[in-house]
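To start, the structure under review is shown below, and the notes come after it.
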Protein chains: 4
Amino acid sequence: MLLRDELSPLEECKMQTEVRYYQQPQLNKPVMVCGLPGIGSVAWLAVNHLQKELKAELFAEVFSPMFSPKVWLTEEGLVKLMKGEFHFWKNNEGGTDLLLFTANEQPYSPEGQYELADVVLDLAQKFGVRRMITMGGMATDRFTEQPKVYVGGTDVDLVKELEGYGAVKLAGGAITGTNGLIFGLAKPRKIPAICLLAETPGYLSLDANAAKSALQLSSRLLNISLDLTALDKQAKENADAVQRAKGLSRGGFPHGPRKGGERELPYVS
Amino acid sequence: MLLRDELSPLEECKMQTEVRYYQQPQLNKPVMVCGLPGIGSVAWLAVNHLQKELKAELFAEVFSPMFSPKVWLTEEGLVKLMKGEFHFWKNNEGGTDLLLFTANEQPYSPEGQYELADVVLDLAQKFGVRRMITMGGMATDRFTEQPKVYVGGTDVDLVKELEGYGAVKLAGGAITGTNGLIFGLAKPRKIPAICLLAETPGYLSLDANAAKSALQLSSRLLNISLDLTALDKQAKENADAVQRAKGLSRGGFPHGPRKGGERELPYVS
Amino acid sequence: MLLRDELSPLEECKMQTEVRYYQQPQLNKPVMVCGLPGIGSVAWLAVNHLQKELKAELFAEVFSPMFSPKVWLTEEGLVKLMKGEFHFWKNNEGGTDLLLFTANEQPYSPEGQYELADVVLDLAQKFGVRRMITMGGMATDRFTEQPKVYVGGTDVDLVKELEGYGAVKLAGGAITGTNGLIFGLAKPRKIPAICLLAETPGYLSLDANAAKSALQLSSRLLNISLDLTALDKQAKENADAVQRAKGLSRGGFPHGPRKGGERELPYVS
Amino acid sequence: MLLRDELSPLEECKMQTEVRYYQQPQLNKPVMVCGLPGIGSVAWLAVNHLQKELKAELFAEVFSPMFSPKVWLTEEGLVKLMKGEFHFWKNNEGGTDLLLFTANEQPYSPEGQYELADVVLDLAQKFGVRRMITMGGMATDRFTEQPKVYVGGTDVDLVKELEGYGAVKLAGGAITGTNGLIFGLAKPRKIPAICLLAETPGYLSLDANAAKSALQLSSRLLNISLDLTALDKQAKENADAVQRAKGLSRGGFPHGPRKGGERELPYVS
């Protein structure tokens, strides 16, 4: 294959993080709830549940080379990209409008995690978000049917409010990952924010009960009534498996069906 | 060696991904076939075979710091760069024109894989590509003389069409790597696309039989008649080696001559 | 979740390193003292002590995706970002004004370390810094109550001056990390600079005695009188622990309370 | 430390690769010789020797965040940055002018290696370089007092010319690293180039004899008479050590004094 002479100017192109809008919803000082997959998938389960229960509507997506270089297929063999999704919900009872954000996964690199947090906060500021809630799991080594929820905040009043609802103050320590970054980077942007971390054992990949605890607190903060029973089925499966494992000392736990999850890699091309 | 005073303004330079055009072929709504080296080298073998059989002509190359920092030498001691190559073939019988893309290797970093997919799709849009076919290997642990070919697509109709030709629908799962990215990223660019994954055992580095299966399906989709016998020789070598290995429990397999392959690193300077 | 048609132009955003100013202090040819956490936390302890003793005032902060993707919480549950802090101190006795720089941690990547050094030196040039002092630890395997302080400099005169105060010239070798980079990169910017490396055993994470030695030399260079007793308490704890460890062959050492330190990661979300 | 309100616009800064010129030498279609440290330090030793023997003059330096984040100290305690150096030599006998390039080390990342190669080639084009020579080591497992030199080239004629001088054609294979990249990337820039790889055992860190072999060939190509005796001393030390090791089965080899080398890291701050 011979090299021919160069006849055209060089063309240069470089993929960047992009947000594509499909609508521009009109929202009144919404609250944003963010939850990317992490420990126990707590945050992802919680936001996914909110989206389904409230029938929140997709209005924007973020694509980025900071997500893993892979694609997903539906049961029908249709391709889906790694991405983040923004949904909105208008509260027709005059209460708080909501913006939701989740993604297939957290970006694999530290730079990518900062970049994605930045994208989310840019959008939050664009829509006049008045309060940010992020979630996550706090890994403990114990299984409990009543997981505690810990809270950190940008302001003392917010922390106190959540303590009033039953959260335990996060006194010291660090939160790593994108859910923590969105929380902390809200501060210089003057968006009041909290991070709710629900206790979860390290070995449950879909801790629906922890997600439920985090949502129970959120619903009080948001003053929105939520039906959480759809999470109970998965929570029960986990509890049964823990019991069996304790009896058998085998310790294997169900992963369960998950749309948009990031943990399976059956094909490499 | 003393530092002298600075007499000139600073000069800054940064290498970027570049596409160099040697021709601007006139094509009529071509179909593009992409295959970078991956599992079993299935995709690379397939595209390489297409290029040779059809005598497709080189018209552009892509150079990038996302490829490994190395160069190759021919048997004559002439240097070759790591790169991607774009070939075209005009169908003089009035049928589908083709664009082909392959490269020495997939970029080593996730960002590089996204970037290369972006380059390929930019070029595809520039040439009005009406359909994108990417390929790859699906690793199984079994050797078969009749490897199945799995298909995923951007549209239901495409998937059904390939099922009609004998492909098996990819129901769920993920495809990692550049071949999968080009496939999935065609969707937001509104280019109908499929990905064909041929079964291949993990231990064959040049699975010509799997490449042949993928090409048999492609030729039906493209309605182009292809002579695939050049792949049979390598396929037979593999089958014989598998037989011997089963008898001897040794398991060594031929790599065979490979131009532009990425696996050997005899020199480090 | 169906993809909707694209209705808006793509929006692109990318987080970058940012310096946020809260004041623009008026300083007279100040000297800058830099110390990021590293071996023995020597540099960080020293600068932190200076800031407290002199009641130096915060005037700017640097945020960057080059810091680890995490956030910290105070004892009150309030979130703090990973960042670098710039403080200033006006010398009301007509002597040297000071600029101080420290951070939660050194950036995790080589590129990040260069970038942060660049930020610090840009600010130093902006404020007409006439001399730069960076610090660090030199790991030895021995514990001593009288750690030596080694010096390297951009100019022979500076090295000689510090040797006059009791420092030992660093003859050959290399200094890795951000403290070394700020030191070395001051040279092309024509800012005279020194790096003071205090001996420290590798196993002390908060070597207050080494920090004290480095500060003793600095105070002579700066002609500023410093009360170093606040470092003695930690230094004594370390010495006692070393003694006990030698007796018990156990070797565990106190970490002590640390604000802004980077070594604990109790939560992952 | 309270956060104050933001009073100033954000300031953003990012370090990039920079070439600083101290002179703009007038050269007549020079030949460029490049050699960065690599296997056996062959290339670095060769270029370093050329610079000293010819008393070539420094005219530019390249600084980059692609070099390791560290600095060096001279025996006088003076700081030196990681960098690349460009020297020139005017041939007063009417023959070939020379440009020389070497550096403390190869960049640590693949992107950095491409970037540095690009910098070097930009400068080469700026000065109308008519031929590029890069060097390196080819690792073998054998020690020989007469190391062969292998050659690869951008053109058949160049390869033949070097074969005429005693080099062995590099038939196939790959060259990794910056010396290989500068060589290969000269091709699209239309600069005729060769790469000379001298045999070296993997265990010699300063293979002066291999450097000498490479220089002997180069001097014939350049038609410049070179005194190579300064390399003999190191070469002899190596040969003696190999002999002793064969006798003792110990295998330890001298590193020798090295200015600008990259292998020692005595201090971490």
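Chains: A, B, ... in order of the structure tokens. Residues: from 1 per chain. Ligands: from 1, in order shown.
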If you run DSSP on the backbone here, which positions in stretch 73-130 of chain C get helix (DSSP H, G or I)? Please write them as a CSV table (one decimal) with all heavy atoms, in the first residue's frame.
```csv
chain,number,residue,atom,x,y,z
C,110,PRO,N,1.4,12.8,37.0
C,110,PRO,CA,2.6,13.7,36.7
C,110,PRO,C,2.1,15.0,36.0
C,110,PRO,O,2.6,16.1,36.4
C,110,PRO,CB,3.4,12.8,35.7
C,110,PRO,CG,3.0,11.4,36.0
C,110,PRO,CD,1.6,11.5,36.4
C,111,GLU,N,1.2,14.9,35.1
C,111,GLU,CA,0.7,16.1,34.4
C,111,GLU,C,0.2,17.1,35.4
C,111,GLU,O,0.4,18.3,35.3
C,111,GLU,CB,-0.4,15.8,33.4
C,111,GLU,CG,0.1,15.0,32.2
C,111,GLU,CD,-0.1,13.5,32.4
C,111,GLU,OE1,-0.2,13.1,33.6
C,111,GLU,OE2,-0.2,12.8,31.4
C,112,GLY,N,-0.6,16.6,36.3
C,112,GLY,CA,-1.2,17.4,37.4
C,112,GLY,C,-0.2,18.1,38.2
C,112,GLY,O,-0.3,19.2,38.7
C,113,GLN,N,0.9,17.4,38.5
C,113,GLN,CA,2.0,18.0,39.4
C,113,GLN,C,2.6,19.2,38.6
C,113,GLN,O,2.9,20.2,39.2
C,113,GLN,CB,3.0,16.9,39.7
C,113,GLN,CG,2.4,15.9,40.6
C,113,GLN,CD,3.4,15.0,41.3
C,113,GLN,OE1,4.5,15.4,41.5
C,113,GLN,NE2,3.0,13.7,41.5
C,114,TYR,N,2.9,19.0,37.3
C,114,TYR,CA,3.4,20.1,36.6
C,114,TYR,C,2.4,21.3,36.5
C,114,TYR,O,2.7,22.5,36.6
C,114,TYR,CB,3.7,19.7,35.1
C,114,TYR,CG,5.1,19.2,34.9
C,114,TYR,CD1,5.4,17.8,34.9
C,114,TYR,CD2,6.1,20.1,34.6
C,114,TYR,CE1,6.6,17.3,34.7
C,114,TYR,CE2,7.4,19.6,34.4
C,114,TYR,CZ,7.7,18.2,34.4
C,114,TYR,OH,8.9,17.7,34.2
C,115,GLU,N,1.2,20.9,36.3
C,115,GLU,CA,0.1,22.0,36.2
C,115,GLU,C,0.0,22.8,37.5
C,115,GLU,O,-0.1,24.0,37.5
C,115,GLU,CB,-1.2,21.3,35.9
C,115,GLU,CG,-2.3,22.2,35.5
C,115,GLU,CD,-3.5,21.6,34.9
C,115,GLU,OE1,-3.4,20.4,34.4
C,115,GLU,OE2,-4.6,22.2,35.0
C,116,LEU,N,0.0,22.1,38.6
C,116,LEU,CA,-0.1,22.8,39.9
C,116,LEU,C,1.1,23.7,40.1
C,116,LEU,O,1.0,24.8,40.6
C,116,LEU,CB,-0.3,21.8,41.0
C,116,LEU,CG,-0.6,22.5,42.4
C,116,LEU,CD1,-1.9,23.4,42.3
C,116,LEU,CD2,-0.8,21.5,43.5
C,117,ALA,N,2.3,23.2,39.8
C,117,ALA,CA,3.5,24.0,39.9
C,117,ALA,C,3.4,25.3,39.1
C,117,ALA,O,3.8,26.4,39.5
C,117,ALA,CB,4.7,23.2,39.5
C,118,ASP,N,2.8,25.1,37.9
C,118,ASP,CA,2.7,26.2,37.0
C,118,ASP,C,1.7,27.3,37.6
C,118,ASP,O,2.0,28.5,37.5
C,118,ASP,CB,2.1,25.7,35.7
C,118,ASP,CG,2.5,26.5,34.5
C,118,ASP,OD1,3.7,26.9,34.4
C,118,ASP,OD2,1.6,26.8,33.7
C,119,VAL,N,0.6,26.8,38.2
C,119,VAL,CA,-0.3,27.7,38.8
C,119,VAL,C,0.3,28.5,39.9
C,119,VAL,O,0.2,29.7,40.0
C,119,VAL,CB,-1.5,26.9,39.4
C,119,VAL,CG1,-2.3,27.7,40.4
C,119,VAL,CG2,-2.4,26.3,38.3
C,120,VAL,N,1.1,27.8,40.7
C,120,VAL,CA,1.7,28.5,41.9
C,120,VAL,C,2.7,29.5,41.4
C,120,VAL,O,2.8,30.6,41.9
C,120,VAL,CB,2.4,27.4,42.8
C,120,VAL,CG1,3.3,28.1,43.8
C,120,VAL,CG2,1.3,26.5,43.4
C,121,LEU,N,3.5,29.2,40.4
C,121,LEU,CA,4.5,30.1,39.9
C,121,LEU,C,3.9,31.3,39.1
C,121,LEU,O,4.4,32.4,39.2
C,121,LEU,CB,5.5,29.3,39.0
C,121,LEU,CG,6.4,28.4,39.8
C,121,LEU,CD1,7.1,27.4,38.9
C,121,LEU,CD2,7.5,29.2,40.6
C,122,ASP,N,2.8,31.0,38.4
C,122,ASP,CA,2.0,32.2,37.8
C,122,ASP,C,1.7,33.2,38.9
C,122,ASP,O,1.8,34.4,38.8
C,122,ASP,CB,0.7,31.7,37.1
C,122,ASP,CG,1.0,31.1,35.8
C,122,ASP,OD1,2.1,31.2,35.2
C,122,ASP,OD2,0.0,30.5,35.2
C,123,LEU,N,1.1,32.7,40.0
C,123,LEU,CA,0.7,33.5,41.1
C,123,LEU,C,1.9,34.2,41.7
C,123,LEU,O,1.8,35.4,42.0
C,123,LEU,CB,-0.1,32.7,42.1
C,123,LEU,CG,-0.8,33.6,43.2
C,123,LEU,CD1,-2.2,33.0,43.5
C,123,LEU,CD2,0.0,33.7,44.4
C,124,ALA,N,3.0,33.5,41.8
C,124,ALA,CA,4.2,34.1,42.4
C,124,ALA,C,4.7,35.3,41.6
C,124,ALA,O,5.0,36.3,42.1
C,124,ALA,CB,5.3,33.0,42.5
C,125,GLN,N,4.7,35.1,40.3
C,125,GLN,CA,5.1,36.1,39.4
C,125,GLN,C,4.2,37.3,39.4
C,125,GLN,O,4.6,38.5,39.4
C,125,GLN,CB,5.2,35.6,37.9
C,125,GLN,CG,6.4,34.8,37.7
C,125,GLN,CD,6.7,34.4,36.3
C,125,GLN,OE1,5.9,33.8,35.6
C,125,GLN,NE2,7.8,34.8,35.7
C,126,LYS,N,2.9,37.0,39.5
C,126,LYS,CA,1.9,38.1,39.6
C,126,LYS,C,2.1,39.0,40.8
C,126,LYS,O,1.9,40.2,40.8
C,126,LYS,CB,0.5,37.4,39.7
C,126,LYS,CG,-0.7,38.3,39.7
C,126,LYS,CD,-2.0,37.4,39.7
C,126,LYS,CE,-3.1,38.0,40.5
C,126,LYS,NZ,-3.9,38.9,39.7
```
How close does each residue of chain A get to chain C, giving the shortest atom pair and distance in Å to one decimal for every residue with an atom at most 8 Å away, counting only C-alpha atoms, sorted by chain and residue number, as a Markdown table?
```
| residue | atom | partner | partner_atom | distance |
| --- | --- | --- | --- | --- |
| A:Gln16 | CA | C:Glu12 | CA | 7.1 |
| A:Thr17 | CA | C:Glu12 | CA | 6.0 |
| A:Glu18 | CA | C:Glu12 | CA | 5.0 |
| A:Val19 | CA | C:Glu11 | CA | 5.3 |
| A:Arg20 | CA | C:Leu10 | CA | 5.4 |
| A:Tyr21 | CA | C:Ser8 | CA | 5.6 |
| A:Tyr22 | CA | C:Glu6 | CA | 5.2 |
| A:Gln23 | CA | C:Leu7 | CA | 6.8 |
| A:Gly38 | CA | C:Ser269 | CA | 5.4 |
| A:Ile39 | CA | C:Ser269 | CA | 5.7 |
| A:Leu58 | CA | C:Met1 | CA | 7.3 |
| A:Pro110 | CA | C:Pro69 | CA | 5.5 |
| A:Glu111 | CA | C:Pro65 | CA | 5.4 |
| A:Gln113 | CA | C:Pro69 | CA | 6.6 |
| A:Tyr114 | CA | C:Pro65 | CA | 5.6 |
| A:Glu115 | CA | C:Met15 | CA | 5.4 |
| A:Asp118 | CA | C:Met15 | CA | 6.2 |
| A:Val119 | CA | C:Cys13 | CA | 6.4 |
| A:Met135 | CA | C:Ser269 | CA | 7.4 |
| A:Gly136 | CA | C:Ser269 | CA | 4.4 |
| A:Gly137 | CA | C:Ser269 | CA | 5.1 |
| A:Met138 | CA | C:Tyr267 | CA | 5.6 |
| A:Ala139 | CA | C:Tyr267 | CA | 6.9 |
| A:Val151 | CA | C:Gly77 | CA | 7.1 |
| A:Gly152 | CA | C:Gly77 | CA | 4.7 |
| A:Gly153 | CA | C:Leu78 | CA | 5.1 |
| A:Thr154 | CA | C:Leu78 | CA | 5.5 |
| A:Asp155 | CA | C:Leu78 | CA | 6.4 |
| A:Val156 | CA | C:Leu78 | CA | 6.9 |
| A:Val159 | CA | C:Gly77 | CA | 7.0 |
| A:Lys169 | CA | C:Gly77 | CA | 5.7 |
| A:Leu170 | CA | C:Gly77 | CA | 4.9 |
| A:Ala171 | CA | C:Glu75 | CA | 4.2 |
| A:Gly172 | CA | C:Leu73 | CA | 4.6 |
| A:Gly173 | CA | C:Leu73 | CA | 5.7 |
| A:Ala174 | CA | C:Trp72 | CA | 4.3 |
| A:Ile175 | CA | C:Tyr267 | CA | 4.9 |
| A:Thr176 | CA | C:Lys70 | CA | 4.1 |
| A:Gly177 | CA | C:Pro69 | CA | 5.8 |
| A:Thr178 | CA | C:Pro69 | CA | 7.2 |
| A:Asn179 | CA | C:Ser269 | CA | 6.2 |
| A:Gly180 | CA | C:Lys70 | CA | 6.2 |
| A:Leu181 | CA | C:Lys70 | CA | 5.9 |
| A:Gly184 | CA | C:Val79 | CA | 6.0 |
| A:Leu185 | CA | C:Leu81 | CA | 7.1 |
| A:Leu197 | CA | C:Ser269 | CA | 7.4 |
```
Set the distance at 10 Å and use only C-alpha atoms: which residues neighbour B:Pro30 once local chain neighbours fewer than 3 positions away are removed? I'd like the list as an mmCIF file with C-alpha atoms, in the first residue's frame.
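For reference, part-v3.cif as written:
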```cif
data_model
loop_
_atom_site.group_PDB
_atom_site.id
_atom_site.type_symbol
_atom_site.label_atom_id
_atom_site.label_comp_id
_atom_site.auth_asym_id
_atom_site.auth_seq_id
_atom_site.Cartn_x
_atom_site.Cartn_y
_atom_site.Cartn_z
ATOM 1 C CA GLN B 26 -16.589 10.144 -5.688
ATOM 2 C CA LEU B 27 -18.837 7.509 -4.134
ATOM 3 C CA VAL B 33 -17.047 -1.816 6.655
ATOM 4 C CA PHE B 88 -12.652 2.640 -1.315
ATOM 5 C CA TRP B 89 -14.112 0.391 -3.956
ATOM 6 C CA LYS B 90 -16.425 1.515 -6.726
ATOM 7 C CA ASN B 91 -18.942 -1.118 -7.683
ATOM 8 C CA GLY B 95 -24.394 -1.971 -6.825
ATOM 9 C CA THR B 96 -23.067 -0.783 -3.465
ATOM 10 C CA ASP B 97 -19.850 1.242 -3.333
ATOM 11 C CA LEU B 98 -17.687 0.381 -0.348
ATOM 12 C CA LEU B 99 -15.503 2.239 2.129
ATOM 13 C CA LEU B 100 -13.180 0.101 4.241
ATOM 14 C CA ALA B 124 -18.312 8.304 7.044
ATOM 15 C CA PHE B 127 -18.870 10.548 2.271
ATOM 16 C CA GLY B 128 -22.583 10.094 2.873
ATOM 17 C CA VAL B 129 -22.202 6.544 4.167
ATOM 18 C CA ARG B 130 -25.691 5.000 4.196
ATOM 19 C CA ARG B 131 -24.864 1.966 6.343
ATOM 20 C CA MET B 132 -22.066 0.989 8.692
#
```
Inset, instruction - Report the residues of stretch 189-254 of chain C whose backbone DSSP state falls under strand (DSSP E or B), written as number ranges by chain. - result: C: 193-201
Write out, as a PDB file, in the first residue's frame, the residues just selected, with N, CA and C atoms.
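Result written to selection34.pdb:
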```pdb
ATOM      1  N   ALA C 193      15.228  30.489  44.005  1.00  0.00           N
ATOM      2  CA  ALA C 193      14.488  29.520  44.817  1.00  0.00           C
ATOM      3  C   ALA C 193      15.415  28.553  45.503  1.00  0.00           C
ATOM      4  N   ILE C 194      14.941  28.053  46.657  1.00  0.00           N
ATOM      5  CA  ILE C 194      15.628  26.963  47.331  1.00  0.00           C
ATOM      6  C   ILE C 194      14.629  25.875  47.681  1.00  0.00           C
ATOM      7  N   CYS C 195      15.170  24.664  47.874  1.00  0.00           N
ATOM      8  CA  CYS C 195      14.358  23.572  48.381  1.00  0.00           C
ATOM      9  C   CYS C 195      15.063  23.035  49.618  1.00  0.00           C
ATOM     10  N   LEU C 196      14.327  22.986  50.716  1.00  0.00           N
ATOM     11  CA  LEU C 196      14.880  22.465  51.963  1.00  0.00           C
ATOM     12  C   LEU C 196      14.290  21.087  52.213  1.00  0.00           C
ATOM     13  N   LEU C 197      15.156  20.086  52.285  1.00  0.00           N
ATOM     14  CA  LEU C 197      14.689  18.729  52.560  1.00  0.00           C
ATOM     15  C   LEU C 197      15.194  18.313  53.929  1.00  0.00           C
ATOM     16  N   ALA C 198      14.241  18.083  54.827  1.00  0.00           N
ATOM     17  CA  ALA C 198      14.627  17.672  56.185  1.00  0.00           C
ATOM     18  C   ALA C 198      14.632  16.159  56.277  1.00  0.00           C
ATOM     19  N   GLU C 199      15.666  15.633  56.910  1.00  0.00           N
ATOM     20  CA  GLU C 199      15.743  14.187  57.135  1.00  0.00           C
ATOM     21  C   GLU C 199      14.502  13.700  57.843  1.00  0.00           C
ATOM     22  N   THR C 200      13.975  12.580  57.393  1.00  0.00           N
ATOM     23  CA  THR C 200      12.847  11.974  58.091  1.00  0.00           C
ATOM     24  C   THR C 200      12.867  10.471  57.850  1.00  0.00           C
ATOM     25  N   PRO C 201      12.564   9.676  58.884  1.00  0.00           N
ATOM     26  CA  PRO C 201      12.469   8.238  58.614  1.00  0.00           C
ATOM     27  C   PRO C 201      11.231   8.001  57.754  1.00  0.00           C
TER      28      PRO C 201
END
```
Legend entry - Selection near stretch 213-222 of chain C, 8 Å with only C-alpha atoms, sequence-local residues under 4 positions removed, as a PyMOL selection string: chain C and resi 31+46+96+135+146-149+162+165-167+196-198+209+226
Output of the above residues as a short mmCIF file (atom, residue, chain, number, x, y, z; two decimals), in the first residue's frame, restricted to N, CA and C atoms:
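The new file again28.cif reads:
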```cif
data_model
loop_
_atom_site.label_atom_id
_atom_site.label_comp_id
_atom_site.auth_asym_id
_atom_site.auth_seq_id
_atom_site.Cartn_x
_atom_site.Cartn_y
_atom_site.Cartn_z
N VAL C 31 8.29 36.96 49.91
CA VAL C 31 8.89 35.64 49.74
C VAL C 31 7.74 34.63 49.83
N ALA C 46 5.04 22.18 58.03
CA ALA C 46 5.78 23.43 58.19
C ALA C 46 4.94 24.64 57.74
N THR C 96 10.20 41.14 55.64
CA THR C 96 9.69 40.40 54.48
C THR C 96 8.20 40.04 54.59
N MET C 135 9.75 23.02 50.44
CA MET C 135 10.27 22.10 51.45
C MET C 135 9.86 20.68 51.11
N GLN C 146 17.73 15.16 65.91
CA GLN C 146 18.31 16.36 65.31
C GLN C 146 18.40 16.20 63.79
N PRO C 147 17.24 16.19 63.12
CA PRO C 147 17.29 15.94 61.68
C PRO C 147 18.06 17.03 60.93
N LYS C 148 18.95 16.60 60.05
CA LYS C 148 19.66 17.55 59.21
C LYS C 148 18.68 18.11 58.18
N VAL C 149 19.03 19.28 57.66
CA VAL C 149 18.25 19.88 56.57
C VAL C 149 19.18 20.08 55.38
N LEU C 162 22.31 29.40 52.79
CA LEU C 162 21.69 28.39 53.65
C LEU C 162 22.72 27.50 54.32
N TYR C 165 23.63 28.98 57.40
CA TYR C 165 22.68 28.81 58.51
C TYR C 165 22.66 27.37 59.04
N GLY C 166 23.46 26.50 58.42
CA GLY C 166 23.51 25.14 58.96
C GLY C 166 22.96 24.06 58.05
N ALA C 167 22.48 24.44 56.87
CA ALA C 167 21.96 23.43 55.94
C ALA C 167 23.13 22.70 55.29
N LEU C 196 14.33 22.99 50.72
CA LEU C 196 14.88 22.47 51.96
C LEU C 196 14.29 21.09 52.21
N LEU C 197 15.16 20.09 52.28
CA LEU C 197 14.69 18.73 52.56
C LEU C 197 15.19 18.31 53.93
N ALA C 198 14.24 18.08 54.83
CA ALA C 198 14.63 17.67 56.18
C ALA C 198 14.63 16.16 56.28
N ASN C 209 9.13 17.12 63.96
CA ASN C 209 10.48 17.54 64.30
C ASN C 209 11.26 17.93 63.04
N LEU C 226 10.03 32.96 64.86
CA LEU C 226 8.91 32.01 64.88
C LEU C 226 8.86 31.21 66.17
#
```
Legend entry - Separation of atom CA of B:Asn48 from atom CA of B:Gly84, in Å and rounded to one decimal: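 Computing it gives 12.0 Å between the two atoms.
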Inset, instruction - Find the residues near C:Thr102: any atom within 10 Å, counting only C-alpha atoms, skip ones fewer than 5 places away on the same chain, and give them as a PyMOL selection string. - result: chain C and resi 33-37+43-48+51+61+83-87+120+179+260
